[in-house]
$ cat my_file_24.csv   # CSV, N, CA and C atoms
chain,number,residue,atom,x,y,z
A,1,MET,N,44.5,32.4,65.3
A,1,MET,CA,43.8,33.7,65.3
A,1,MET,C,44.6,34.6,66.3
A,2,PRO,N,44.9,35.8,65.8
A,2,PRO,CA,45.6,36.7,66.6
A,2,PRO,C,44.9,37.4,67.8
A,3,ILE,N,43.6,37.2,67.9
A,3,ILE,CA,42.8,37.7,69.0
A,3,ILE,C,42.0,36.5,69.6
A,4,GLU,N,42.1,36.3,70.9
A,4,GLU,CA,41.3,35.4,71.6
A,4,GLU,C,40.3,36.2,72.4
A,5,PHE,N,39.0,36.0,72.1
A,5,PHE,CA,38.0,36.7,72.8
A,5,PHE,C,37.5,35.8,74.0
A,6,GLN,N,37.6,36.3,75.2
A,6,GLN,CA,37.1,35.6,76.4
A,6,GLN,C,35.9,36.4,76.8
A,7,SER,N,35.2,36.0,77.9
A,7,SER,CA,34.0,36.6,78.4
A,7,SER,C,34.2,38.1,78.7
A,8,ASP,N,35.3,38.5,79.3
A,8,ASP,CA,35.5,39.9,79.7
A,8,ASP,C,36.9,40.4,79.3
A,9,GLN,N,37.5,39.8,78.3
A,9,GLN,CA,38.9,40.2,77.9
A,9,GLN,C,39.2,39.8,76.5
A,10,ALA,N,39.8,40.7,75.7
A,10,ALA,CA,40.4,40.3,74.4
A,10,ALA,C,41.9,40.2,74.6
A,11,VAL,N,42.4,39.0,74.2
A,11,VAL,CA,43.8,38.8,74.3
A,11,VAL,C,44.4,38.9,72.9
A,12,LEU,N,45.3,39.8,72.7
A,12,LEU,CA,45.9,40.0,71.4
A,12,LEU,C,47.2,39.3,71.4
A,13,LEU,N,47.4,38.5,70.4
A,13,LEU,CA,48.6,37.6,70.3
A,13,LEU,C,49.4,37.9,69.0
A,14,ASP,N,50.7,37.9,69.2
A,14,ASP,CA,51.6,38.0,68.1
A,14,ASP,C,51.3,39.2,67.2
A,15,ILE,N,51.1,38.9,65.9
A,15,ILE,CA,50.9,40.0,65.0
A,15,ILE,C,49.4,40.2,64.7
A,16,VAL,N,48.9,41.4,65.1
A,16,VAL,CA,47.5,41.7,64.9
A,16,VAL,C,47.4,42.7,63.7
A,17,THR,N,46.8,42.2,62.6
A,17,THR,CA,46.8,42.9,61.4
A,17,THR,C,45.6,43.7,61.2
A,18,VAL,N,45.5,44.5,60.1
A,18,VAL,CA,44.4,45.3,59.8
A,18,VAL,C,43.1,44.5,59.7
A,19,GLU,N,43.2,43.2,59.3
A,19,GLU,CA,42.1,42.4,59.1
A,19,GLU,C,41.3,42.2,60.4
A,20,GLU,N,41.9,42.3,61.5
A,20,GLU,CA,41.3,42.1,62.8
A,20,GLU,C,40.5,43.3,63.3
A,21,ALA,N,40.8,44.5,62.8
A,21,ALA,CA,40.3,45.7,63.3
A,21,ALA,C,38.7,45.8,63.4
A,22,GLU,N,38.1,45.4,62.4
A,22,GLU,CA,36.6,45.4,62.4
A,22,GLU,C,36.0,44.4,63.5
A,23,THR,N,36.6,43.3,63.5
A,23,THR,CA,36.1,42.3,64.5
A,23,THR,C,36.4,42.8,65.9
A,24,LEU,N,37.5,43.3,66.2
A,24,LEU,CA,37.9,43.9,67.5
A,24,LEU,C,36.9,45.0,67.9
A,25,LEU,N,36.6,45.9,66.9
A,25,LEU,CA,35.7,47.0,67.2
A,25,LEU,C,34.3,46.5,67.5
A,26,GLU,N,33.8,45.6,66.8
A,26,GLU,CA,32.5,45.0,67.0
A,26,GLU,C,32.4,44.4,68.4
A,27,TRP,N,33.5,43.6,68.8
A,27,TRP,CA,33.5,42.9,70.0
A,27,TRP,C,33.5,43.9,71.2
A,28,LEU,N,34.4,44.9,71.1
A,28,LEU,CA,34.5,45.9,72.1
A,28,LEU,C,33.2,46.8,72.3
A,29,GLN,N,32.5,47.0,71.2
A,29,GLN,CA,31.2,47.7,71.2
A,29,GLN,C,30.2,46.8,72.0
A,30,GLU,N,30.2,45.5,71.8
A,30,GLU,CA,29.3,44.6,72.4
A,30,GLU,C,29.7,44.3,73.9
A,31,ASN,N,31.0,44.6,74.2
A,31,ASN,CA,31.5,44.3,75.6
A,31,ASN,C,32.2,45.6,76.1
A,32,PRO,N,31.5,46.7,76.3
A,32,PRO,CA,32.2,47.9,76.7
A,32,PRO,C,33.0,47.9,78.0
A,33,ALA,N,32.7,47.0,78.9
A,33,ALA,CA,33.5,46.9,80.1
A,33,ALA,C,34.7,46.0,80.0
A,34,ALA,N,34.9,45.3,78.9
A,34,ALA,CA,36.0,44.4,78.7
A,34,ALA,C,37.3,45.1,78.7
A,35,LYS,N,38.3,44.3,79.1
A,35,LYS,CA,39.7,44.8,79.1
A,35,LYS,C,40.5,44.1,77.9
A,36,VAL,N,41.6,44.6,77.7
A,36,VAL,CA,42.5,44.1,76.6
A,36,VAL,C,43.8,43.7,77.2
A,37,ASN,N,44.3,42.5,76.8
A,37,ASN,CA,45.6,42.0,77.2
A,37,ASN,C,46.5,42.0,76.0
A,38,LEU,N,47.5,42.8,76.1
A,38,LEU,CA,48.5,43.0,75.0
A,38,LEU,C,49.8,42.3,75.3
A,39,ALA,N,49.9,41.5,76.4
A,39,ALA,CA,51.2,41.0,76.8
A,39,ALA,C,51.9,40.2,75.8
A,40,ASP,N,51.2,39.4,75.0
A,40,ASP,CA,51.9,38.6,73.9
A,40,ASP,C,51.8,39.2,72.5
A,41,CYS,N,51.4,40.4,72.4
A,41,CYS,CA,51.3,41.1,71.1
A,41,CYS,C,52.7,41.6,70.7
A,42,THR,N,53.1,41.3,69.5
A,42,THR,CA,54.4,41.7,69.0
A,42,THR,C,54.3,42.8,68.0
A,43,HIS,N,53.1,42.9,67.4
A,43,HIS,CA,52.9,44.0,66.4
A,43,HIS,C,51.4,44.3,66.3
A,44,LEU,N,51.1,45.6,66.4
A,44,LEU,CA,49.7,46.0,66.3
A,44,LEU,C,49.5,47.0,65.2
A,45,HIS,N,48.7,46.6,64.2
A,45,HIS,CA,48.5,47.5,63.1
A,45,HIS,C,47.8,48.8,63.6
A,46,PRO,N,48.1,49.9,63.1
A,46,PRO,CA,47.5,51.2,63.5
A,46,PRO,C,46.0,51.2,63.5
A,47,ALA,N,45.4,50.4,62.7
A,47,ALA,CA,43.9,50.4,62.6
A,47,ALA,C,43.4,49.9,64.0
A,48,ASN,N,44.1,48.9,64.5
A,48,ASN,CA,43.7,48.3,65.8
A,48,ASN,C,44.0,49.3,66.9
A,49,LEU,N,45.0,50.1,66.8
A,49,LEU,CA,45.3,51.1,67.8
A,49,LEU,C,44.2,52.1,67.8
A,50,GLN,N,43.7,52.5,66.6
A,50,GLN,CA,42.6,53.5,66.5
A,50,GLN,C,41.3,52.9,67.2
A,51,VAL,N,41.1,51.6,67.0
A,51,VAL,CA,40.0,50.9,67.7
A,51,VAL,C,40.1,51.0,69.2
A,52,LEU,N,41.3,50.7,69.7
A,52,LEU,CA,41.5,50.8,71.1
A,52,LEU,C,41.3,52.2,71.7
A,53,MET,N,41.8,53.2,70.9
A,53,MET,CA,41.7,54.6,71.3
A,53,MET,C,40.2,55.0,71.3
A,54,ALA,N,39.5,54.6,70.3
A,54,ALA,CA,38.1,55.0,70.2
A,54,ALA,C,37.2,54.4,71.3
A,55,ALA,N,37.5,53.1,71.6
A,55,ALA,CA,36.7,52.4,72.5
A,55,ALA,C,37.1,52.7,74.0
A,56,LYS,N,38.3,53.3,74.1
A,56,LYS,CA,38.8,53.7,75.5
A,56,LYS,C,38.9,52.5,76.4
A,57,SER,N,39.3,51.4,75.8
A,57,SER,CA,39.4,50.1,76.5
A,57,SER,C,40.4,50.2,77.6
A,58,GLY,N,40.1,49.5,78.7
A,58,GLY,CA,41.1,49.3,79.7
A,58,GLY,C,42.1,48.3,79.3
A,59,ILE,N,43.4,48.5,79.7
A,59,ILE,CA,44.4,47.5,79.4
A,59,ILE,C,44.8,46.7,80.6
A,60,ASP,N,44.7,45.4,80.5
A,60,ASP,CA,45.0,44.5,81.6
A,60,ASP,C,46.5,44.2,81.6
A,61,ALA,N,47.1,44.1,80.5
A,61,ALA,CA,48.6,43.8,80.4
A,61,ALA,C,49.1,44.5,79.2
A,62,TRP,N,50.3,45.1,79.3
A,62,TRP,CA,51.0,45.8,78.2
A,62,TRP,C,51.9,44.8,77.6
A,63,PRO,N,52.3,45.1,76.3
A,63,PRO,CA,53.3,44.2,75.6
A,63,PRO,C,54.6,44.0,76.4
A,64,LYS,N,55.1,42.8,76.2
A,64,LYS,CA,56.4,42.5,76.8
A,64,LYS,C,57.6,43.2,76.1
A,65,GLU,N,57.4,43.4,74.8
A,65,GLU,CA,58.4,44.1,74.0
A,65,GLU,C,58.4,45.6,74.3
A,66,ALA,N,59.6,46.1,74.8
A,66,ALA,CA,59.7,47.4,75.3
A,66,ALA,C,59.3,48.5,74.3
A,67,GLY,N,59.7,48.4,73.1
A,67,GLY,CA,59.4,49.5,72.1
A,67,GLY,C,57.9,49.6,71.8
A,68,LEU,N,57.3,48.4,71.6
A,68,LEU,CA,55.8,48.4,71.4
A,68,LEU,C,55.1,48.9,72.6
A,69,ARG,N,55.5,48.5,73.8
A,69,ARG,CA,54.9,48.9,75.0
A,69,ARG,C,55.0,50.4,75.2
A,70,ALA,N,56.1,51.0,75.0
A,70,ALA,CA,56.3,52.5,75.1
A,70,ALA,C,55.3,53.2,74.1
A,71,TRP,N,55.3,52.7,72.9
A,71,TRP,CA,54.4,53.3,71.9
A,71,TRP,C,52.9,53.2,72.3
A,72,LEU,N,52.5,52.1,72.7
A,72,LEU,CA,51.1,51.9,73.1
A,72,LEU,C,50.8,52.6,74.4
A,73,GLU,N,51.6,52.6,75.4
A,73,GLU,CA,51.4,53.3,76.6
A,73,GLU,C,51.2,54.8,76.4
A,74,SER,N,52.0,55.3,75.5
A,74,SER,CA,51.9,56.8,75.2
A,74,SER,C,50.6,57.1,74.5
A,75,ALA,N,50.2,56.2,73.7
A,75,ALA,CA,49.0,56.4,72.9
A,75,ALA,C,47.7,56.1,73.7
A,76,LEU,N,47.7,55.2,74.6
A,76,LEU,CA,46.5,54.7,75.3
A,76,LEU,C,46.4,55.1,76.7
A,77,SER,N,47.4,55.7,77.3
A,77,SER,CA,47.3,56.1,78.7
A,77,SER,C,46.7,57.5,78.8
A,78,ASP,N,45.9,57.6,79.8
A,78,ASP,CA,45.3,59.0,80.1
A,78,ASP,C,46.3,60.0,80.5
$ encode --input "my_file_24.csv" --output "C-alpha coordinates"
Amino acid sequence: MPIEFQSDQAVLLDIVTVEEAETLLEWLQENPAAKVNLADCTHLHPANLQVLMAAKSGIDAWPKEAGLRAWLESALSD
(Lines of atoms letter the chains of each structure in order from A and count residues from 1; the text may use other names and numbers.)
(Lines give C-alpha, C1' and ligand atoms only; values in the text may rest on other atoms or scores of the structure.)
Protein backbone atom coordinates (compact mmCIF):
# COMPACT_ATOMS: atom_id res chain seq x y z
CA MET A 1 0.00 0.00 0.00
CA PRO A 2 1.42 3.38 -0.97
CA ILE A 3 0.14 5.05 2.23
CA GLU A 4 0.81 3.84 5.75
CA PHE A 5 -1.56 5.44 8.24
CA GLN A 6 -0.16 5.77 11.74
CA SER A 7 -1.85 7.35 14.75
CA ASP A 8 -0.71 10.89 13.93
CA GLN A 9 1.00 10.62 10.55
CA ALA A 10 0.34 9.49 6.99
CA VAL A 11 3.48 8.12 5.36
CA LEU A 12 3.32 8.27 1.57
CA LEU A 13 5.52 5.66 -0.11
CA ASP A 14 6.76 5.28 -3.66
CA ILE A 15 4.03 5.97 -6.23
CA VAL A 16 0.81 7.41 -4.78
CA THR A 17 -1.89 7.13 -7.45
CA VAL A 18 -5.31 8.66 -7.93
CA GLU A 19 -6.85 5.60 -6.26
CA GLU A 20 -5.47 6.72 -2.87
CA ALA A 21 -6.89 10.26 -2.96
CA GLU A 22 -10.29 9.49 -1.43
CA THR A 23 -8.82 7.37 1.36
CA LEU A 24 -6.22 10.05 2.13
CA LEU A 25 -8.90 12.74 2.21
CA GLU A 26 -11.12 10.75 4.57
CA TRP A 27 -8.21 9.97 6.91
CA LEU A 28 -7.05 13.60 7.01
CA GLN A 29 -10.61 14.75 7.74
CA GLU A 30 -10.77 12.30 10.65
CA ASN A 31 -7.26 13.31 11.83
CA PRO A 32 -7.00 17.07 11.23
CA ALA A 33 -3.89 17.49 13.40
CA ALA A 34 -2.00 14.70 11.60
CA LYS A 35 1.16 15.35 9.64
CA VAL A 36 2.27 13.91 6.31
CA ASN A 37 5.63 12.28 5.64
CA LEU A 38 6.63 12.44 1.97
CA ALA A 39 10.28 11.37 2.37
CA ASP A 40 9.91 8.10 0.43
CA CYS A 41 7.32 9.33 -2.06
CA THR A 42 8.59 9.20 -5.65
CA HIS A 43 5.40 10.23 -7.48
CA LEU A 44 2.27 11.97 -6.22
CA HIS A 45 -0.81 12.07 -8.43
CA PRO A 46 -2.22 15.62 -8.60
CA ALA A 47 -5.47 14.45 -6.96
CA ASN A 48 -3.48 13.71 -3.82
CA LEU A 49 -1.79 17.10 -4.06
CA GLN A 50 -5.25 18.68 -4.13
CA VAL A 51 -6.17 16.71 -1.01
CA LEU A 52 -3.06 17.94 0.80
CA MET A 53 -3.72 21.51 -0.28
CA ALA A 54 -7.36 21.41 0.83
CA ALA A 55 -6.57 19.76 4.15
CA LYS A 56 -3.68 22.18 4.79
CA SER A 57 -1.77 19.29 6.26
CA GLY A 58 1.53 19.83 7.99
CA ILE A 59 4.48 18.18 6.29
CA ASP A 60 6.87 16.24 8.53
CA ALA A 61 9.30 15.29 5.77
CA TRP A 62 9.64 16.37 2.14
CA PRO A 63 10.50 13.95 -0.70
CA LYS A 64 14.14 12.98 -1.13
CA GLU A 65 13.89 13.42 -4.90
CA ALA A 66 14.78 17.07 -5.63
CA GLY A 67 12.35 17.73 -8.47
CA LEU A 68 9.34 16.34 -6.62
CA ARG A 69 10.39 18.15 -3.47
CA ALA A 70 10.63 21.50 -5.26
CA TRP A 71 7.22 21.01 -6.88
CA LEU A 72 5.52 20.04 -3.63
CA GLU A 73 7.23 22.68 -1.50
CA SER A 74 6.11 25.40 -3.89
CA ALA A 75 2.54 24.10 -3.86
CA LEU A 76 2.23 23.31 -0.14
CA SER A 77 4.34 25.91 1.64
CA ASP A 78 2.70 29.02 3.00
$ select_by_dssp --input "my_file_24.csv" --residues "chain A" --states "strand (DSSP E)" --output "VMD selection string"
chain A and resid 3 to 5 9 to 12 14 to 16 35 to 37 41 to 44 58 to 61
$ residues_around --input "my_file_24.csv" --residues "A:Gln9" --least-positions-apart "6" --cutoff "7 Å" --atoms "only C-alpha atoms" --output "PyMOL selection string"
chain A and resi 34-37
$ closest_residue --input "my_file_24.csv" --among "A:Asn48, A:Trp27, A:Ala75, A:Leu38" --to "A:Ala61" --atoms "all atoms listed in the file"
A:Leu38
$ atom_distance --input "my_file_24.csv" --atom1 "atom N of A:His43" --atom2 "atom C of A:Phe5"
18.4 Å
$ closest_residue --input "my_file_24.csv" --among "A:Val18, A:Met1, A:Leu13, A:Leu24" --to "A:Val51" --atoms "only C-alpha atoms"
A:Leu24
$ closest_residue --input "my_file_24.csv" --among "A:Glu19, A:Ala47, A:Trp71, A:Ala39" --to "A:Ile59" --atoms "only C-alpha atoms"
A:Ala39
$ residues_near_point --input "my_file_24.csv" --point "(53.3, 43.1, 67.8)" --cutoff "6 Å" --atoms "only C-alpha atoms" --output "MDAnalysis selection string"
chainID A and resid 14:15 41:44
$ atom_distance --input "my_file_24.csv" --atom1 "atom N of A:Gly67" --atom2 "atom N of A:Ala10"
21.5 Å
$ closest_residue --input "my_file_24.csv" --among "A:Ser7, A:Gln50, A:Thr17, A:Ser57" --to "A:Gln29" --atoms "only C-alpha atoms"
A:Ser57
$ closest_residue --input "my_file_24.csv" --among "A:Val16, A:Glu73, A:Asp8, A:Leu68" --to "A:Asn31" --atoms "only C-alpha atoms"
A:Asp8
$ closest_residue --input "my_file_24.csv" --among "A:Arg69, A:His45, A:Ala54, A:Glu26" --to "A:Pro2" --atoms "only C-alpha atoms"
A:His45
$ atom_distance --input "my_file_24.csv" --atom1 "atom CA of A:Leu28" --atom2 "atom CA of A:Leu52"
8.6 Å
$ axis_aligned_box --input "my_file_24.csv" --around "stretch 11-24 of chain A" --padding-each-side "4 Å" --output "JSON"
{"center_x": 43.8, "center_y": 41.7, "center_z": 66.7, "size_x": 23.6, "size_y": 16.2, "size_z": 23.2}
